[in-house]
Amino acid sequence: MWPEGIGTGVGSLPGTDPREASALVTGETPEFPAFPELPARGVGADMIGRTAGLLVDLAVEVVPTGWRVTARTGRDLRRARDLLAGDLDAFDDACDRIRPHWVKIQVAGPWTLAASVELASGHRVLTDRGAVREFAASLGEGLRAHVAEVAERTGATVVVQLDEPGLPAVIAGSLSTASGYGTVRAVRAPDAQDLLRDLISGIAAPVVVHCCADRPPIRLLAGAGAAAVAIDATRPAFTGTTAEPRALDAIGETWDEGVPLLLGLLPGTAPEREPAIGDLARAGYDLADRLGFDRRRLARLAVPTPACGLAGATPDWARRALTLSRELGKAFADPDE
């Protein structure tokens, strides 16, 4: 796995300049830069459009309600692929200056993708389990090619981050139908895990599954074969007097199995007062203390990150958040200091 005592980003950043963004991530998190995503550029730069650009033998287009399956590749999908290609050129150039050993790329996971894209009928792909499997297979094929290209161009070991913010709603059955008068039938947790496991096992790279929802299914994600699980550790279920035993137990069990967490500890937008590195580190130490883990193991068990994406942050805070993530990783490696 990646070296101990490092930090990284979640993926999305403010702005529209890929070269500036790549210089930022390689400069502030050189040990583990995350391939920048710049959703402010609009169609094709958003999480779903960017991921759709990787699909093999499937095409989508933008309609008033979002992304929808279509028969052939159109301008929306071509734009998504062009943006991704330009981003990779910029990232490659930035990595060439520092030669990182590890880099991270991010795409929407299969369940969030299926919940966000519509079939030609207007219903979510999620409503057709055959279509869900087809999308997952297409995503896996595209991801394998993408990983190989990023590895070849950067010379680094590639870590894949599957973003699954929609998975809790998929399992809970709380997503609305096309009419808006009902909800899509819930997916059983074992079925959700099986699909993730199949996708992860087919990718020749470590896979992190990221879910920044309020109560992420940590055990499900770890049990799907993920190399690590990424969460928003500032959520009430994990911190202070509002911490829930069930949520803490899930972290403890995951750590017991040797599966690290990417702990989102930095706010996604600038706080009124910048947090001190000691206070940020204390949040990680308190979590380890509560669960009975030696603080010296934090550098192996946790990689600090922003709580979620930084697309809504100011450029100054995006830079500072990444810097603090790196400094926090060093603090985890030396709790005495």
# chains A, B, ... in the order shown; residues from 1 in each chain; ligands from 1
$ residues_around --residues "Ala71 in chain A" --least-positions-apart "4" --cutoff "9 Å" --atoms "only C-alpha atoms" --output "PyMOL selection string"
chain A and resi 58-60
$ select_by_dssp --residues "range 144-173 of chain A" --states "alpha helix (DSSP H)" --output "PyMOL selection string"
chain A and resi 144-154+167-172
$ closest_residue --among "A:Ala250, A:Leu162, A:Ala228, A:Ile218" --to "Leu196 in chain A" --atoms "only C-alpha atoms"
A:Leu162
$ closest_residue --among "A:Asp93, A:Asp232, A:Asp198, A:Asp76" --to "Asp214 in chain A" --atoms "only C-alpha atoms"
A:Asp232
$ closest_residue --among "A:Asp89, A:Glu253, A:Glu37, A:Asp128" --to "Val184 in chain A" --atoms "only C-alpha atoms"
A:Asp128
$ closest_residue --among "A:Asp191, A:Trp67, A:Tyr181, A:Gln161" --to "Val132 in chain A" --atoms "only C-alpha atoms"
A:Asp191
$ closest_residue --among "A:Ala224, A:Asp96, A:Ala172, A:Glu118" --to "Val208 in chain A" --atoms "only C-alpha atoms"
A:Ala224
$ closest_residue --among "A:Ala94, A:Val63, A:Leu55, A:Ala151" --to "Phe135 in chain A" --atoms "only C-alpha atoms"
A:Leu55
$ residues_around --residues "range 266-280 of chain A" --least-positions-apart "5" --cutoff "6 Å" --atoms "only C-alpha atoms" --output "list in words"
Pro306, Ala307, Cys308, Leu310, Ala313 and Trp317 of chain A
$ write_last_selection --atoms "N, CA, C and O atoms" --output "mmCIF file, in the first residue's frame"
data_model
loop_
_atom_site.group_PDB
_atom_site.id
_atom_site.type_symbol
_atom_site.label_atom_id
_atom_site.label_comp_id
_atom_site.auth_asym_id
_atom_site.auth_seq_id
_atom_site.Cartn_x
_atom_site.Cartn_y
_atom_site.Cartn_z
ATOM 1 N N PRO A 306 -9.720 16.044 2.872
ATOM 2 C CA PRO A 306 -10.895 16.897 3.094
ATOM 3 C C PRO A 306 -12.141 16.029 3.319
ATOM 4 O O PRO A 306 -12.176 14.862 2.903
ATOM 5 N N ALA A 307 -13.144 16.587 3.969
ATOM 6 C CA ALA A 307 -14.342 15.813 4.292
ATOM 7 C C ALA A 307 -15.038 15.303 3.045
ATOM 8 O O ALA A 307 -15.570 14.193 3.022
ATOM 9 N N CYS A 308 -15.061 16.106 2.010
ATOM 10 C CA CYS A 308 -15.609 15.680 0.720
ATOM 11 C C CYS A 308 -14.901 16.515 -0.346
ATOM 12 O O CYS A 308 -13.828 17.039 -0.106
ATOM 13 N N LEU A 310 -13.768 19.539 -2.912
ATOM 14 C CA LEU A 310 -13.485 20.952 -2.658
ATOM 15 C C LEU A 310 -14.009 21.856 -3.773
ATOM 16 O O LEU A 310 -13.558 22.988 -3.913
ATOM 17 N N ALA A 313 -15.160 25.245 -2.657
ATOM 18 C CA ALA A 313 -14.224 26.038 -1.847
ATOM 19 C C ALA A 313 -13.643 27.191 -2.656
ATOM 20 O O ALA A 313 -13.683 27.198 -3.888
ATOM 21 N N TRP A 317 -8.692 28.323 0.021
ATOM 22 C CA TRP A 317 -8.990 27.257 0.980
ATOM 23 C C TRP A 317 -8.693 25.877 0.383
ATOM 24 O O TRP A 317 -8.234 24.978 1.103
#
$ residues_around --residues "Arg97 in chain A" --least-positions-apart "2" --cutoff "12 Å" --atoms "only C-alpha atoms" --output "list in words"
Ser22, Ala23, Thr26, Gly27, Pro30, Ala90, Phe91, Asp92, Asp93, Ala94, Cys95, Arg99, Pro100, Thr154 and Gly155 of chain A
$ atom_distance --atom1 "CA of Lys330 in chain A" --atom2 "CA of Gly9 in chain A"
15.1 Å
$ residues_around --residues "Gly7 in chain A" --least-positions-apart "4" --cutoff "8 Å" --atoms "only C-alpha atoms" --output "list in words"
Thr29, Glu31, Phe32, Val303, Pro304, Thr305, Leu322, Ser325, Arg326, Glu327, Leu328 and Gly329 of chain A
$ atom_distance --atom1 "CA of Pro335 in chain A" --atom2 "CA of Arg215 in chain A"
28.2 Å
$ residues_around --residues "Ala108 in chain A" --least-positions-apart "4" --cutoff "7 Å" --atoms "only C-alpha atoms" --output "MDAnalysis selection string"
chainID A and resid 47:48 51 112:113 162:164
$ residues_around --residues "Leu139 in chain A" --least-positions-apart "2" --cutoff "7 Å" --atoms "only C-alpha atoms" --output "MDAnalysis selection string"
chainID A and resid 54:56 135:137 141:143
$ select_by_dssp --residues "range 12-242 of chain A" --states "strand (DSSP E)" --output "ChimeraX atom specification"
/A:59-63,66-70,102-108,117-118,157-163,207-211,228-232
$ decode --residues "range 157-201 of chain A" --atoms "C-alpha atoms" --output "CSV table (one decimal), in the first residue's frame"
chain,number,residue,atom,x,y,z
A,157,THR,CA,1.0,3.0,-9.0
A,158,VAL,CA,-2.7,4.0,-9.6
A,159,VAL,CA,-5.3,3.8,-6.8
A,160,VAL,CA,-8.9,3.9,-8.0
A,161,GLN,CA,-11.5,5.7,-5.9
A,162,LEU,CA,-15.1,4.7,-6.6
A,163,ASP,CA,-17.4,7.6,-5.4
A,164,GLU,CA,-20.7,6.1,-4.0
A,165,PRO,CA,-22.5,9.0,-2.4
A,166,GLY,CA,-25.8,7.6,-3.6
A,167,LEU,CA,-25.4,4.1,-2.3
A,168,PRO,CA,-27.1,4.6,1.1
A,169,ALA,CA,-30.2,5.9,-0.7
A,170,VAL,CA,-30.1,2.9,-3.1
A,171,ILE,CA,-30.1,0.5,-0.2
A,172,ALA,CA,-32.7,2.4,1.7
A,173,GLY,CA,-35.1,2.6,-1.3
A,174,SER,CA,-35.5,6.4,-0.9
A,175,LEU,CA,-34.8,7.5,-4.5
A,176,SER,CA,-37.8,8.9,-6.3
A,177,THR,CA,-39.3,7.3,-9.4
A,178,ALA,CA,-39.6,9.2,-12.7
A,179,SER,CA,-43.1,10.4,-11.8
A,180,GLY,CA,-42.0,11.7,-8.4
A,181,TYR,CA,-44.9,9.9,-6.7
A,182,GLY,CA,-43.1,6.8,-5.6
A,183,THR,CA,-39.6,5.5,-4.8
A,184,VAL,CA,-37.4,3.0,-6.6
A,185,ARG,CA,-37.4,-0.5,-5.0
A,186,ALA,CA,-34.5,-0.9,-2.6
A,187,VAL,CA,-31.5,-3.0,-3.5
A,188,ARG,CA,-30.6,-5.6,-0.9
A,189,ALA,CA,-27.2,-4.9,0.8
A,190,PRO,CA,-25.7,-8.3,-0.2
A,191,ASP,CA,-26.6,-7.6,-3.8
A,192,ALA,CA,-25.1,-4.1,-3.7
A,193,GLN,CA,-21.9,-5.7,-2.2
A,194,ASP,CA,-21.7,-8.4,-4.8
A,195,LEU,CA,-21.8,-6.0,-7.7
A,196,LEU,CA,-19.1,-3.9,-6.1
A,197,ARG,CA,-17.0,-7.0,-5.4
A,198,ASP,CA,-17.2,-8.1,-9.0
A,199,LEU,CA,-16.2,-4.7,-10.2
A,200,ILE,CA,-13.3,-4.3,-7.7
A,201,SER,CA,-12.0,-7.8,-8.4
